[in-house]
$ cat my_file-v8.cif   # mmCIF, C-alpha atoms
data_upload
loop_
_atom_site.label_atom_id
_atom_site.label_comp_id
_atom_site.auth_asym_id
_atom_site.auth_seq_id
_atom_site.Cartn_x
_atom_site.Cartn_y
_atom_site.Cartn_z
CA MET F 1 -17.31 38.40 -29.64
CA LYS F 2 -14.33 36.14 -30.14
CA ILE F 3 -14.80 32.73 -31.73
CA PHE F 4 -12.16 30.01 -31.87
CA VAL F 5 -11.87 26.98 -34.10
CA ASP F 6 -9.78 23.89 -33.63
CA THR F 7 -9.13 21.97 -36.84
CA ARG F 8 -7.69 19.06 -34.90
CA SER F 9 -10.95 18.56 -33.07
CA GLY F 10 -13.24 15.99 -34.64
CA VAL F 11 -16.17 18.37 -34.22
CA PRO F 12 -17.05 20.01 -37.54
CA ILE F 13 -16.18 23.72 -37.60
CA TYR F 14 -19.78 24.91 -38.00
CA LYS F 15 -20.73 22.93 -34.88
CA GLN F 16 -17.86 24.43 -32.92
CA ILE F 17 -19.24 27.88 -33.74
CA ILE F 18 -22.78 26.90 -32.72
CA GLN F 19 -21.61 25.38 -29.44
CA GLN F 20 -19.48 28.37 -28.52
CA ILE F 21 -22.25 30.85 -29.08
CA GLU F 22 -24.80 28.71 -27.21
CA LYS F 23 -22.41 28.26 -24.28
CA GLY F 24 -21.59 31.96 -24.29
CA ILE F 25 -25.29 32.73 -23.93
CA MET F 26 -25.87 30.16 -21.20
CA GLY F 27 -22.89 31.48 -19.30
CA GLY F 28 -24.11 35.05 -19.56
CA LEU F 29 -21.21 36.15 -21.76
CA TYR F 30 -23.56 37.18 -24.55
CA LYS F 31 -26.84 38.97 -23.85
CA PRO F 32 -29.98 39.41 -25.93
CA GLY F 33 -29.43 42.21 -28.39
CA ASP F 34 -25.65 41.73 -28.62
CA GLN F 35 -24.49 42.00 -32.21
CA LEU F 36 -22.66 39.15 -33.89
CA PRO F 37 -19.86 39.76 -36.37
CA THR F 38 -20.83 39.34 -40.02
CA VAL F 39 -20.22 36.07 -41.85
CA ARG F 40 -17.50 37.82 -43.79
CA GLU F 41 -15.76 39.09 -40.66
CA VAL F 42 -15.78 35.66 -39.01
CA ALA F 43 -14.55 33.95 -42.20
CA LEU F 44 -11.56 36.30 -42.55
CA GLU F 45 -10.81 36.47 -38.83
CA LEU F 46 -10.62 32.68 -38.57
CA THR F 47 -9.58 31.95 -42.18
CA ILE F 48 -12.48 29.61 -42.78
CA ASN F 49 -14.92 29.08 -45.61
CA PRO F 50 -17.78 31.63 -45.42
CA ASN F 51 -20.28 28.89 -46.28
CA THR F 52 -19.30 27.18 -43.01
CA VAL F 53 -19.99 30.33 -40.98
CA ALA F 54 -23.24 30.92 -42.85
CA ARG F 55 -24.33 27.38 -42.03
CA ALA F 56 -23.67 27.90 -38.31
CA TYR F 57 -25.63 31.16 -38.34
CA ARG F 58 -28.49 29.55 -40.26
CA GLU F 59 -28.80 26.77 -37.69
CA LEU F 60 -28.60 29.19 -34.77
CA GLU F 61 -31.31 31.29 -36.36
CA HIS F 62 -33.43 28.22 -36.88
CA LEU F 63 -33.01 27.38 -33.18
CA GLY F 64 -34.17 30.88 -32.30
CA VAL F 65 -30.86 31.72 -30.66
CA ILE F 66 -29.95 34.54 -33.03
CA GLU F 67 -31.98 36.75 -35.35
CA SER F 68 -30.98 38.80 -38.34
CA VAL F 69 -32.43 42.21 -38.91
CA GLN F 70 -32.52 43.34 -42.53
CA GLY F 71 -29.84 45.93 -43.14
CA ARG F 72 -28.64 46.01 -39.54
CA GLY F 73 -26.97 42.71 -38.88
CA THR F 74 -27.30 39.62 -36.74
CA PHE F 75 -28.08 39.71 -33.01
CA ILE F 76 -28.56 37.42 -30.05
CA SER F 77 -32.34 36.92 -29.91
CA SER F 78 -34.27 39.24 -27.64
CA ASP F 79 -36.64 36.35 -27.06
CA LEU F 80 -34.32 33.41 -26.36
CA PRO F 81 -35.89 29.98 -26.23
CA ARG F 82 -36.15 29.25 -22.50
CA PRO F 83 -36.25 25.80 -21.02
CA SER F 84 -39.72 25.02 -19.62
CA GLY F 85 -40.20 24.30 -15.90
CA GLU F 86 -40.29 20.60 -16.69
CA ASP F 87 -37.03 20.81 -18.69
CA LYS F 88 -35.31 22.68 -15.88
CA GLU F 89 -36.39 20.06 -13.37
CA MET F 90 -35.06 17.32 -15.65
CA ILE F 91 -31.68 19.00 -16.03
CA ILE F 92 -31.24 19.44 -12.26
CA LYS F 93 -32.61 15.98 -11.47
CA GLU F 94 -30.02 14.37 -13.76
CA LYS F 95 -27.23 16.31 -12.09
CA ILE F 96 -28.40 15.38 -8.59
CA GLU F 97 -28.61 11.74 -9.59
CA ALA F 98 -25.08 11.89 -11.00
CA LEU F 99 -23.91 13.50 -7.76
CA ILE F 100 -25.52 10.76 -5.67
CA ARG F 101 -23.94 8.05 -7.84
CA ASP F 102 -20.51 9.61 -7.39
CA ALA F 103 -21.03 9.90 -3.63
CA ARG F 104 -22.02 6.20 -3.40
CA GLN F 105 -19.02 5.24 -5.45
CA LEU F 106 -16.76 7.15 -3.06
CA ASN F 107 -18.51 5.74 0.04
CA VAL F 108 -19.82 9.10 1.23
CA SER F 109 -22.73 8.45 3.60
CA THR F 110 -26.21 9.83 3.04
CA ASP F 111 -25.92 11.91 6.19
CA LYS F 112 -22.61 13.39 5.16
CA LEU F 113 -23.97 14.14 1.70
CA LYS F 114 -27.03 15.91 3.13
CA LYS F 115 -24.80 18.01 5.38
CA MET F 116 -22.48 18.93 2.52
CA PHE F 117 -25.40 19.86 0.28
CA LYS F 118 -26.96 22.00 3.01
CA LYS F 119 -23.68 23.75 3.70
CA ALA F 120 -23.11 24.47 0.01
CA LEU F 121 -26.59 26.02 -0.24
CA GLU F 122 -25.98 28.16 2.84
CA ASN F 123 -22.62 29.38 1.58
CA GLU F 124 -24.02 30.32 -1.82
CA MET H 1 -25.28 28.02 -56.12
CA GLY H 2 -25.50 24.41 -57.18
CA GLU H 3 -24.92 25.15 -60.85
CA SER H 4 -21.84 23.57 -62.35
CA CYS H 5 -18.71 25.63 -62.88
CA LEU H 6 -16.49 22.75 -63.88
CA ALA H 7 -17.45 19.20 -64.78
CA VAL H 8 -14.98 16.44 -65.51
CA LYS H 9 -16.42 13.21 -66.93
CA THR H 10 -14.70 9.81 -67.15
CA LEU H 11 -11.42 11.55 -67.76
CA SER H 12 -8.43 9.30 -68.46
CA LYS H 13 -4.85 9.94 -69.41
CA ASP H 14 -1.90 7.61 -69.92
CA PHE H 15 1.75 8.56 -70.03
CA GLY H 16 3.25 5.61 -71.85
CA PRO H 17 2.44 2.52 -69.79
CA LYS H 18 1.54 4.63 -66.75
CA LYS H 19 -2.12 5.37 -66.07
CA ALA H 20 -1.98 8.94 -64.83
CA LEU H 21 -5.75 9.30 -64.60
CA ALA H 22 -8.38 6.60 -64.88
CA GLY H 23 -12.04 7.49 -65.32
CA VAL H 24 -12.21 10.54 -63.08
CA ASN H 25 -15.59 12.25 -62.54
CA LEU H 26 -15.56 15.50 -60.64
CA GLU H 27 -17.78 18.53 -60.45
CA VAL H 28 -17.06 21.95 -58.95
CA ARG H 29 -20.23 23.99 -58.43
CA LYS H 30 -20.54 27.72 -58.56
CA GLY H 31 -19.82 29.27 -55.19
CA GLU H 32 -17.93 26.24 -53.99
CA ILE H 33 -14.35 25.54 -52.93
CA MET H 34 -13.24 22.00 -53.75
CA GLY H 35 -10.12 20.63 -52.09
CA LEU H 36 -8.07 18.08 -53.98
CA VAL H 37 -5.81 15.78 -51.97
CA GLY H 38 -3.68 12.76 -52.67
CA PRO H 39 -0.10 11.57 -52.33
CA ASN H 40 2.61 12.70 -54.73
CA GLY H 41 2.05 11.18 -58.16
CA ALA H 42 -1.67 10.67 -57.53
CA GLY H 43 -2.55 12.64 -60.65
CA LYS H 44 -3.56 16.00 -59.17
CA THR H 45 -1.37 18.11 -61.43
CA THR H 46 -2.31 16.02 -64.48
CA LEU H 47 -5.99 16.57 -63.69
CA ILE H 48 -5.53 20.34 -63.38
CA LYS H 49 -3.47 20.52 -66.58
CA LEU H 50 -6.17 18.58 -68.42
CA ILE H 51 -8.79 21.02 -67.15
CA MET H 52 -6.64 23.89 -68.44
CA GLY H 53 -6.30 22.14 -71.78
CA LEU H 54 -2.49 22.12 -71.49
CA ILE H 55 -2.39 18.40 -72.24
CA LYS H 56 -4.83 16.30 -74.23
CA PRO H 57 -6.99 13.69 -72.52
CA GLY H 58 -6.83 10.03 -73.56
CA SER H 59 -10.59 9.87 -73.16
CA GLY H 60 -13.37 11.68 -71.35
CA THR H 61 -14.47 15.29 -71.32
CA VAL H 62 -13.90 18.52 -69.43
CA SER H 63 -16.55 21.21 -69.44
CA VAL H 64 -16.01 24.65 -68.03
CA PHE H 65 -18.94 27.04 -67.50
CA GLY H 66 -21.16 24.42 -69.11
CA LYS H 67 -19.16 24.26 -72.34
CA ASP H 68 -16.64 21.75 -73.68
CA GLN H 69 -13.16 22.90 -72.75
CA ARG H 70 -11.92 22.59 -76.33
CA ALA H 71 -14.71 24.87 -77.58
CA LEU H 72 -14.00 27.73 -75.16
CA GLU H 73 -13.52 31.15 -76.73
CA ALA H 74 -10.46 33.19 -75.78
CA GLU H 75 -12.72 35.44 -73.70
CA GLU H 76 -14.00 32.43 -71.73
CA LYS H 77 -10.51 31.06 -71.21
CA ARG H 78 -9.54 34.36 -69.64
CA ARG H 79 -12.12 33.68 -66.95
CA ILE H 80 -10.06 30.76 -65.67
CA GLY H 81 -7.37 31.74 -63.15
CA TYR H 82 -4.60 29.17 -62.89
CA ILE H 83 -1.63 28.93 -60.56
CA PRO H 84 0.58 26.07 -61.76
CA ASP H 85 2.67 23.94 -59.44
CA GLU H 86 5.82 25.58 -60.79
CA SER H 87 6.76 29.22 -61.04
CA PHE H 88 5.47 30.84 -64.23
CA PHE H 89 7.49 34.03 -63.87
CA TYR H 90 10.26 35.32 -66.07
CA ASP H 91 13.03 35.82 -63.56
CA PHE H 92 14.63 38.73 -65.40
CA MET H 93 11.49 40.87 -65.16
CA THR H 94 10.80 43.17 -62.26
CA VAL H 95 7.56 42.89 -60.30
CA GLN H 96 6.09 45.86 -62.17
CA GLN H 97 7.15 44.47 -65.57
CA THR H 98 5.57 41.13 -64.66
CA ILE H 99 2.31 42.87 -63.85
CA GLU H 100 2.39 44.88 -67.11
CA PHE H 101 3.18 41.72 -69.05
CA ASN H 102 0.24 39.77 -67.62
CA ARG H 103 -2.11 42.73 -67.78
CA GLY H 104 -1.66 42.82 -71.55
CA PHE H 105 -3.52 39.53 -71.93
CA TYR H 106 -6.62 40.56 -69.98
CA PRO H 107 -8.89 43.38 -71.20
CA ASP H 108 -10.92 43.18 -67.96
CA TRP H 109 -7.84 43.55 -65.77
CA ASP H 110 -8.65 45.06 -62.37
CA ASP H 111 -6.02 47.78 -61.90
CA GLU H 112 -7.45 49.04 -58.66
CA LYS H 113 -7.39 45.65 -57.00
CA CYS H 114 -3.92 44.90 -58.29
CA THR H 115 -2.52 48.16 -56.92
CA GLU H 116 -4.31 47.78 -53.60
CA LEU H 117 -3.02 44.24 -53.06
CA MET H 118 0.51 45.15 -54.15
CA GLN H 119 0.57 47.82 -51.46
CA ARG H 120 -1.05 45.64 -48.83
CA PHE H 121 1.59 42.96 -49.23
CA HIS H 122 4.44 45.45 -49.68
CA LEU H 123 5.59 43.92 -52.96
CA PRO H 124 8.49 46.04 -54.26
CA PRO H 125 7.62 47.07 -57.87
CA GLY H 126 11.21 47.63 -58.98
CA GLU H 127 12.61 44.36 -57.65
CA PRO H 128 13.47 41.59 -60.13
CA VAL H 129 11.15 38.62 -59.54
CA LYS H 130 14.10 36.33 -58.96
CA ASN H 131 14.95 38.25 -55.77
CA LEU H 132 11.52 37.74 -54.21
CA SER H 133 11.04 35.30 -51.35
CA ARG H 134 8.86 32.26 -51.89
CA GLY H 135 6.04 33.85 -49.95
CA MET H 136 6.18 37.00 -52.04
CA LYS H 137 6.23 35.02 -55.27
CA ALA H 138 3.11 33.14 -54.16
CA GLN H 139 1.40 36.42 -53.31
CA LEU H 140 2.36 37.95 -56.63
CA ALA H 141 1.04 34.91 -58.47
CA LEU H 142 -2.29 35.16 -56.65
CA ILE H 143 -2.57 38.91 -57.20
CA LEU H 144 -2.02 38.42 -60.95
CA ILE H 145 -4.67 35.73 -61.06
CA LEU H 146 -7.23 37.69 -59.04
CA ALA H 147 -6.71 40.84 -61.11
CA GLN H 148 -7.93 38.93 -64.16
CA LYS H 149 -11.31 38.51 -62.35
CA PRO H 150 -11.71 34.77 -62.92
CA ASP H 151 -14.92 32.77 -62.46
CA LEU H 152 -12.95 29.57 -61.95
CA LEU H 153 -9.76 29.33 -59.90
CA LEU H 154 -7.41 26.39 -60.32
CA LEU H 155 -4.71 26.39 -57.66
CA ASP H 156 -2.10 23.65 -57.85
CA GLU H 157 -0.28 23.33 -54.52
CA PRO H 158 -0.14 27.09 -54.02
CA LEU H 159 0.88 26.81 -50.34
CA GLU H 160 3.97 24.72 -51.01
CA GLY H 161 6.99 26.09 -49.17
CA LEU H 162 5.12 28.91 -47.41
CA ASP H 163 5.43 29.46 -43.66
CA PRO H 164 2.23 29.20 -41.56
CA MET H 165 1.74 32.96 -41.49
CA ARG H 166 2.02 33.29 -45.28
CA ARG H 167 -0.25 30.32 -45.77
CA LEU H 168 -3.03 31.97 -43.79
CA GLU H 169 -2.45 35.28 -45.57
CA PHE H 170 -2.70 33.50 -48.89
CA LEU H 171 -5.90 31.71 -47.89
CA ASN H 172 -7.45 34.89 -46.56
CA LEU H 173 -6.85 36.57 -49.87
CA VAL H 174 -8.49 33.66 -51.68
CA LEU H 175 -11.44 33.83 -49.27
CA GLU H 176 -11.81 37.58 -49.46
CA ASP H 177 -12.03 37.44 -53.20
CA PHE H 178 -14.27 34.37 -53.13
CA MET H 179 -16.77 36.32 -51.03
CA GLN H 180 -16.72 39.33 -53.34
CA TRP H 181 -17.11 37.31 -56.46
CA GLU H 182 -20.36 35.42 -56.12
CA GLY H 183 -20.57 32.19 -58.04
CA ARG H 184 -16.88 31.59 -58.40
CA GLY H 185 -15.71 27.98 -58.27
CA VAL H 186 -12.35 27.04 -56.79
CA LEU H 187 -10.35 23.82 -57.20
CA PHE H 188 -7.47 23.75 -54.79
CA SER H 189 -4.87 21.02 -54.36
CA SER H 190 -2.74 20.89 -51.23
CA HIS H 191 -0.84 18.69 -48.84
CA TYR H 192 -1.61 21.12 -46.04
CA LEU H 193 -4.67 19.34 -44.77
CA GLU H 194 -5.37 21.65 -41.88
CA GLU H 195 -5.49 24.62 -44.20
CA LEU H 196 -7.54 22.68 -46.68
CA GLU H 197 -10.06 21.88 -44.01
CA ARG H 198 -10.53 25.54 -43.24
CA LEU H 199 -11.07 26.39 -46.86
CA ALA H 200 -12.90 23.61 -48.62
CA ASP H 201 -16.63 22.96 -48.87
CA ARG H 202 -15.90 19.52 -50.24
CA VAL H 203 -12.80 17.41 -50.59
CA ALA H 204 -11.81 14.93 -53.29
CA PHE H 205 -9.36 12.11 -52.56
CA LEU H 206 -7.23 11.06 -55.52
CA ASN H 207 -4.79 8.18 -55.58
CA GLU H 208 -3.04 6.37 -58.43
CA GLY H 209 -5.13 8.25 -60.96
CA ARG H 210 -8.45 7.26 -59.41
CA LEU H 211 -10.91 9.43 -57.60
CA LEU H 212 -11.64 7.47 -54.44
CA ARG H 213 -14.09 9.72 -52.71
CA VAL H 214 -15.72 13.14 -52.82
CA ALA H 215 -17.39 14.28 -49.61
CA GLU H 216 -18.60 17.34 -47.76
CA MET H 217 -15.93 18.46 -45.32
CA GLU H 218 -18.42 18.84 -42.47
CA GLN H 219 -19.78 15.38 -43.07
CA LEU H 220 -16.32 13.83 -43.12
CA LYS H 221 -15.44 15.50 -39.85
CA GLY H 222 -18.65 14.48 -38.18
CA GLU H 223 -18.34 10.85 -39.18
CA GLU H 224 -16.77 8.01 -37.25
CA LYS H 225 -15.21 8.46 -33.85
CA THR H 226 -14.25 6.15 -31.05
CA ILE H 227 -14.92 6.79 -27.37
CA ARG H 228 -12.89 5.00 -24.72
CA VAL H 229 -14.74 5.04 -21.44
CA VAL H 230 -13.98 3.24 -18.19
CA PHE H 231 -17.02 3.51 -15.92
CA GLN H 232 -16.83 3.35 -12.16
CA LYS H 233 -19.37 0.56 -12.30
CA GLU H 234 -21.35 -1.30 -14.93
CA PRO H 235 -23.37 1.25 -16.98
CA PRO H 236 -27.07 0.79 -17.74
CA GLU H 237 -27.78 -1.41 -20.73
CA ALA H 238 -29.65 1.43 -22.43
CA LEU H 239 -26.51 3.57 -22.62
CA LEU H 240 -24.69 0.98 -24.67
CA LYS H 241 -27.71 0.62 -26.94
CA MET H 242 -28.11 4.28 -27.82
CA PRO H 243 -28.74 4.91 -31.50
CA GLY H 244 -25.58 5.84 -33.39
CA ILE H 245 -23.31 3.33 -31.63
CA LYS H 246 -22.00 1.07 -34.36
CA ALA H 247 -19.91 -1.28 -32.26
CA VAL H 248 -19.28 -1.96 -28.57
CA GLN H 249 -16.05 -3.58 -27.49
CA LYS H 250 -15.43 -4.44 -23.86
CA GLU H 251 -12.07 -3.64 -22.27
CA GLY H 252 -11.33 -5.02 -18.83
CA ASN H 253 -14.06 -4.90 -16.20
CA THR H 254 -16.05 -1.76 -16.81
CA GLY H 255 -14.21 -0.34 -19.81
CA TYR H 256 -15.69 0.06 -23.26
CA LEU H 257 -14.61 1.14 -26.70
CA LEU H 258 -17.61 2.61 -28.45
CA THR H 259 -17.48 3.13 -32.19
CA ILE H 260 -19.81 6.00 -33.00
CA GLU H 261 -21.16 6.76 -36.44
CA ASP H 262 -23.93 9.19 -35.56
CA ASN H 263 -25.65 10.96 -32.64
CA PHE H 264 -22.23 11.60 -31.14
CA ASN H 265 -23.08 14.49 -28.82
CA ALA H 266 -25.92 12.68 -27.04
CA ILE H 267 -23.83 9.56 -26.56
CA TYR H 268 -20.87 11.53 -25.27
CA GLU H 269 -23.10 13.44 -22.83
CA ALA H 270 -24.60 10.20 -21.58
CA CYS H 271 -21.10 8.82 -20.90
CA CYS H 272 -20.09 12.09 -19.21
CA ASN H 273 -23.05 11.93 -16.90
CA TYR H 274 -22.33 8.41 -15.72
CA PRO H 275 -19.47 8.16 -13.19
CA HIS H 276 -16.29 7.22 -14.99
CA PHE H 277 -12.54 7.05 -14.49
CA ILE H 278 -11.56 7.59 -18.10
CA LEU H 279 -13.43 9.26 -20.93
CA GLU H 280 -11.58 9.95 -24.13
CA ILE H 281 -12.54 10.64 -27.72
CA TYR H 282 -10.43 9.45 -30.62
CA HIS H 283 -11.16 11.45 -33.73
CA ARG H 284 -10.38 10.43 -37.21
CA SER H 285 -8.65 13.43 -38.68
CA LEU H 286 -8.38 14.38 -42.31
CA GLU H 287 -4.82 13.03 -42.05
CA ASP H 288 -6.11 9.62 -40.97
CA MET H 289 -8.50 9.53 -43.90
CA PHE H 290 -5.74 10.71 -46.22
CA MET H 291 -3.58 7.83 -45.00
CA ASP H 292 -6.42 5.36 -45.56
CA TYR H 293 -7.03 6.56 -49.08
CA SER H 294 -3.31 6.67 -49.85
CA GLY H 295 -3.14 2.97 -49.09
CA ARG H 296 -1.10 3.09 -45.89
CA ASP H 297 -2.18 -0.48 -45.12
CA LYS H 298 -0.98 -1.94 -48.39
#

$ encode --input "my_file-v8.cif" --output "structure tokens"
Amino acid sequence: MKIFVDTRSGVPIYKQIIQQIEKGIMGGLYKPGDQLPTVREVALELTINPNTVARAYRELEHLGVIESVQGRGTFISSDLPRPSGEDKEMIIKEKIEALIRDARQLNVSTDKLKKMFKKALENE
Amino acid sequence: MGESCLAVKTLSKDFGPKKALAGVNLEVRKGEIMGLVGPNGAGKTTLIKLIMGLIKPGSGTVSVFGKDQRALEAEEKRRIGYIPDESFFYDFMTVQQTIEFNRGFYPDWDDEKCTELMQRFHLPPGEPVKNLSRGMKAQLALILILAQKPDLLLLDEPLEGLDPMRRLEFLNLVLEDFMQWEGRGVLFSSHYLEELERLADRVAFLNEGRLLRVAEMEQLKGEEKTIRVVFQKEPPEALLKMPGIKAVQKEGNTGYLLTIEDNFNAIYEACCNYPHFILEIYHRSLEDMFMDYSGRDK
């Protein structure tokens, strides 16, 4: 598990760590049960304050994304918080709306859009 | 954690007509790394020397480990590790002689650590100190300090003149030891702000002898940002009224400069999701803040 930090970014380092791990899970890069490096390992690998790493881990644990097992280490949760059906619908609805707005802006007709959408689904 | 390792109260010092320090209050907690920044002549070295008791304060107090600095026993003084801004080596001594010399002052000296680090950094024992490169001298200084097993580390511009690789090596050694030694406090002055950001829990801005601000690094970084966004058409009113937007400035037809003080991620997402031609974030870096506090605008 490789983590990067960018000190020129305005995003605090602990948040960069949280975001990378969350994205890695969403993208299927990390799976439930995968072990995370220790706070100490991350701190020395990236040359950052261990308190910063510990804070990121604490927040991830609080969110239910990771869990620590006494004496064994820290792992991606076996029981990841899943978006509810309603949440999923909201996420997709927002994206479809954004897509429609872009299409209108670019003068793509409703018919054309329907066709393109259908084709994309078929080619999946 | 949270307990005080070092506490400086209303500390002042004049050098003739010059106010070197004026009413500085600063605390370093146990288990904390405090970064100290400020332009040349801000008073950083004076502050550190006062903490070490190398010069006498005009007024104010310094307490170390909860005790007045002047009342510290020799044994307590040995628990302070100090790297001054200038070399403290005797050039005619070899590396090994320098180690033996320093070792003599510290009954608790950690031989094992000293030997291990010497080997790790390939410091040549028989070489006179004057022949060492800058990077090696800095490493030797740190090894000597760490071998005395200090509870408080005072590092005055220790990265000065080191290449990026050596800087990271140096910091890693500080961190490694910091993690082993629970409850140690570190005060660290540097012009290398990027490195300082990696290392420090909090940062103190000093200028013209005054302490202008002490803040959590994470909080500083998360603070104000500006987003420049040019939408493809007029955005919904609600977007511009999201909580956390401090100021809205219109640019051209559908362009906006949003000054954000909080809730940044949600606002940025909202802008992302609305069709736009331009979407850029302008961060205020530690450098920007350094410039502000150093009085760039004066």

$ closest_residue --input "my_file-v8.cif" --among "F:Glu67, F:Asp34, F:Asp87, F:Glu45" --to "chain H" --atoms "all atoms listed in the file"
F:Glu45

$ interface_residues --input "my_file-v8.cif" --of "chain F" --to "chain H" --cutoff "7 Å" --atoms "all atoms listed in the file" --output "PyMOL selection string"
chain F and resi 7-8+10-12+44+47-49+98+101-102

$ closest_residue --input "my_file-v8.cif" --among "H:Leu212, H:Ala71, H:Cys5, H:Ala141" --to "H:Gly295" --atoms "only C-alpha atoms"
H:Leu212

$ residues_around --input "my_file-v8.cif" --residues "F:Tyr14" --least-positions-apart "3" --cutoff "7 Å" --atoms "only C-alpha atoms" --output "MDAnalysis selection string"
chainID F and resid 17:18 52:53 55:56

$ resolve_selection --input "my_file-v8.cif" --expression "the PyMOL selection byres ((chain H and resi 93-98) around 7)" --output "list in words"
Tyr90, Asp91, Phe92, Ile99, Glu100, Phe101, Asn102, Pro124, Pro125, Gly126, Glu127, Pro128 and Val129 of chain H

$ write_last_selection --input "my_file-v8.cif" --atoms "C-alpha atoms" --output "CSV table (one decimal), keeping the file's coordinate frame"
chain,number,residue,atom,x,y,z
H,90,TYR,CA,10.3,35.3,-66.1
H,91,ASP,CA,13.0,35.8,-63.6
H,92,PHE,CA,14.6,38.7,-65.4
H,99,ILE,CA,2.3,42.9,-63.8
H,100,GLU,CA,2.4,44.9,-67.1
H,101,PHE,CA,3.2,41.7,-69.0
H,102,ASN,CA,0.2,39.8,-67.6
H,124,PRO,CA,8.5,46.0,-54.3
H,125,PRO,CA,7.6,47.1,-57.9
H,126,GLY,CA,11.2,47.6,-59.0
H,127,GLU,CA,12.6,44.4,-57.6
H,128,PRO,CA,13.5,41.6,-60.1
H,129,VAL,CA,11.2,38.6,-59.5

$ atom_distance --input "my_file-v8.cif" --atom1 "atom CA of F:Gly33" --atom2 "atom CA of F:Phe75"
5.4 Å

$ closest_residue --input "my_file-v8.cif" --among "H:Met52, H:Met242, H:Met118, H:Val37" --to "H:Leu153" --atoms "only C-alpha atoms"
H:Met52

$ closest_residue --input "my_file-v8.cif" --among "F:Lys15, F:Arg58, F:Arg104, F:Lys95" --to "F:Thr74" --atoms "only C-alpha atoms"
F:Arg58

$ atom_distance --input "my_file-v8.cif" --atom1 "atom CA of F:Ile92" --atom2 "atom CA of F:Lys23"
17.3 Å

$ atom_distance --input "my_file-v8.cif" --atom1 "atom CA of H:Lys77" --atom2 "atom CA of H:Lys56"
16.1 Å

$ closest_residue --input "my_file-v8.cif" --among "F:Asn51, F:Gln70, F:Ser77, F:Thr38" --to "F:Glu22" --atoms "all atoms listed in the file"
F:Ser77

$ resolve_selection --input "my_file-v8.cif" --expression "the PyMOL selection byres ((chain H and resi 42) around 7)" --output "number ranges by chain"
H: 38-41, 43-44, 206-209

$ resolve_selection --input "my_file-v8.cif" --expression "the PyMOL selection byres ((chain H and resi 36) around 7)" --output "MDAnalysis selection string"
chainID H and resid 34:35 37 187:190 203:205

$ write_last_selection --input "my_file-v8.cif" --atoms "C-alpha atoms" --output "PDB file, keeping the file's coordinate frame"
ATOM      1  CA  MET H  34     -13.240  22.000 -53.750  1.00  0.00           C
ATOM      2  CA  GLY H  35     -10.120  20.630 -52.090  1.00  0.00           C
ATOM      3  CA  VAL H  37      -5.810  15.780 -51.970  1.00  0.00           C
ATOM      4  CA  LEU H 187     -10.350  23.820 -57.200  1.00  0.00           C
ATOM      5  CA  PHE H 188      -7.470  23.750 -54.790  1.00  0.00           C
ATOM      6  CA  SER H 189      -4.870  21.020 -54.360  1.00  0.00           C
ATOM      7  CA  SER H 190      -2.740  20.890 -51.230  1.00  0.00           C
ATOM      8  CA  VAL H 203     -12.800  17.410 -50.590  1.00  0.00           C
ATOM      9  CA  ALA H 204     -11.810  14.930 -53.290  1.00  0.00           C
ATOM     10  CA  PHE H 205      -9.360  12.110 -52.560  1.00  0.00           C
TER      11      PHE H 205
END

$ closest_residue --input "my_file-v8.cif" --among "H:Tyr256, H:Tyr293, H:Tyr268, H:Tyr192" --to "H:Val214" --atoms "only C-alpha atoms"
H:Tyr293

$ residues_around --input "my_file-v8.cif" --residues "H:Thr45" --least-positions-apart "6" --cutoff "9 Å" --atoms "all atoms listed in the file" --output "ChimeraX atom specification"
/H:84-85,156-157,189

$ residues_around --input "my_file-v8.cif" --residues "H:Leu152" --least-positions-apart "3" --cutoff "8 Å" --atoms "all atoms listed in the file" --output "PyMOL selection string"
chain H and resi 5-6+79-81+184-187

$ decode --input "my_file-v8.cif" --residues "stretch 74-81 of chain F" --atoms "N, CA and C atoms" --output "mmCIF file, in the first residue's frame"
data_model
loop_
_atom_site.group_PDB
_atom_site.id
_atom_site.type_symbol
_atom_site.label_atom_id
_atom_site.label_comp_id
_atom_site.auth_asym_id
_atom_site.auth_seq_id
_atom_site.Cartn_x
_atom_site.Cartn_y
_atom_site.Cartn_z
ATOM 1 N N THR F 74 -3.507 -3.021 11.650
ATOM 2 C CA THR F 74 -4.672 -2.281 11.165
ATOM 3 C C THR F 74 -5.063 -2.813 9.790
ATOM 4 N N PHE F 75 -6.372 -2.979 9.579
ATOM 5 C CA PHE F 75 -6.849 -3.587 8.331
ATOM 6 C C PHE F 75 -8.003 -2.794 7.742
ATOM 7 N N ILE F 76 -8.192 -2.955 6.425
ATOM 8 C CA ILE F 76 -9.395 -2.421 5.799
ATOM 9 C C ILE F 76 -10.572 -3.210 6.385
ATOM 10 N N SER F 77 -11.620 -2.514 6.806
ATOM 11 C CA SER F 77 -12.739 -3.154 7.493
ATOM 12 C C SER F 77 -13.343 -4.275 6.667
ATOM 13 N N SER F 78 -13.698 -5.369 7.371
ATOM 14 C CA SER F 78 -14.364 -6.467 6.673
ATOM 15 C C SER F 78 -15.814 -6.071 6.419
ATOM 16 N N ASP F 79 -16.292 -5.125 7.213
ATOM 17 C CA ASP F 79 -17.673 -4.693 7.085
ATOM 18 C C ASP F 79 -17.688 -3.201 6.740
ATOM 19 N N LEU F 80 -17.343 -2.889 5.494
ATOM 20 C CA LEU F 80 -17.237 -1.489 5.078
ATOM 21 C C LEU F 80 -18.607 -0.824 5.084
ATOM 22 N N PRO F 81 -18.637 0.434 5.506
ATOM 23 C CA PRO F 81 -19.920 1.141 5.439
ATOM 24 C C PRO F 81 -20.352 1.245 3.968
#
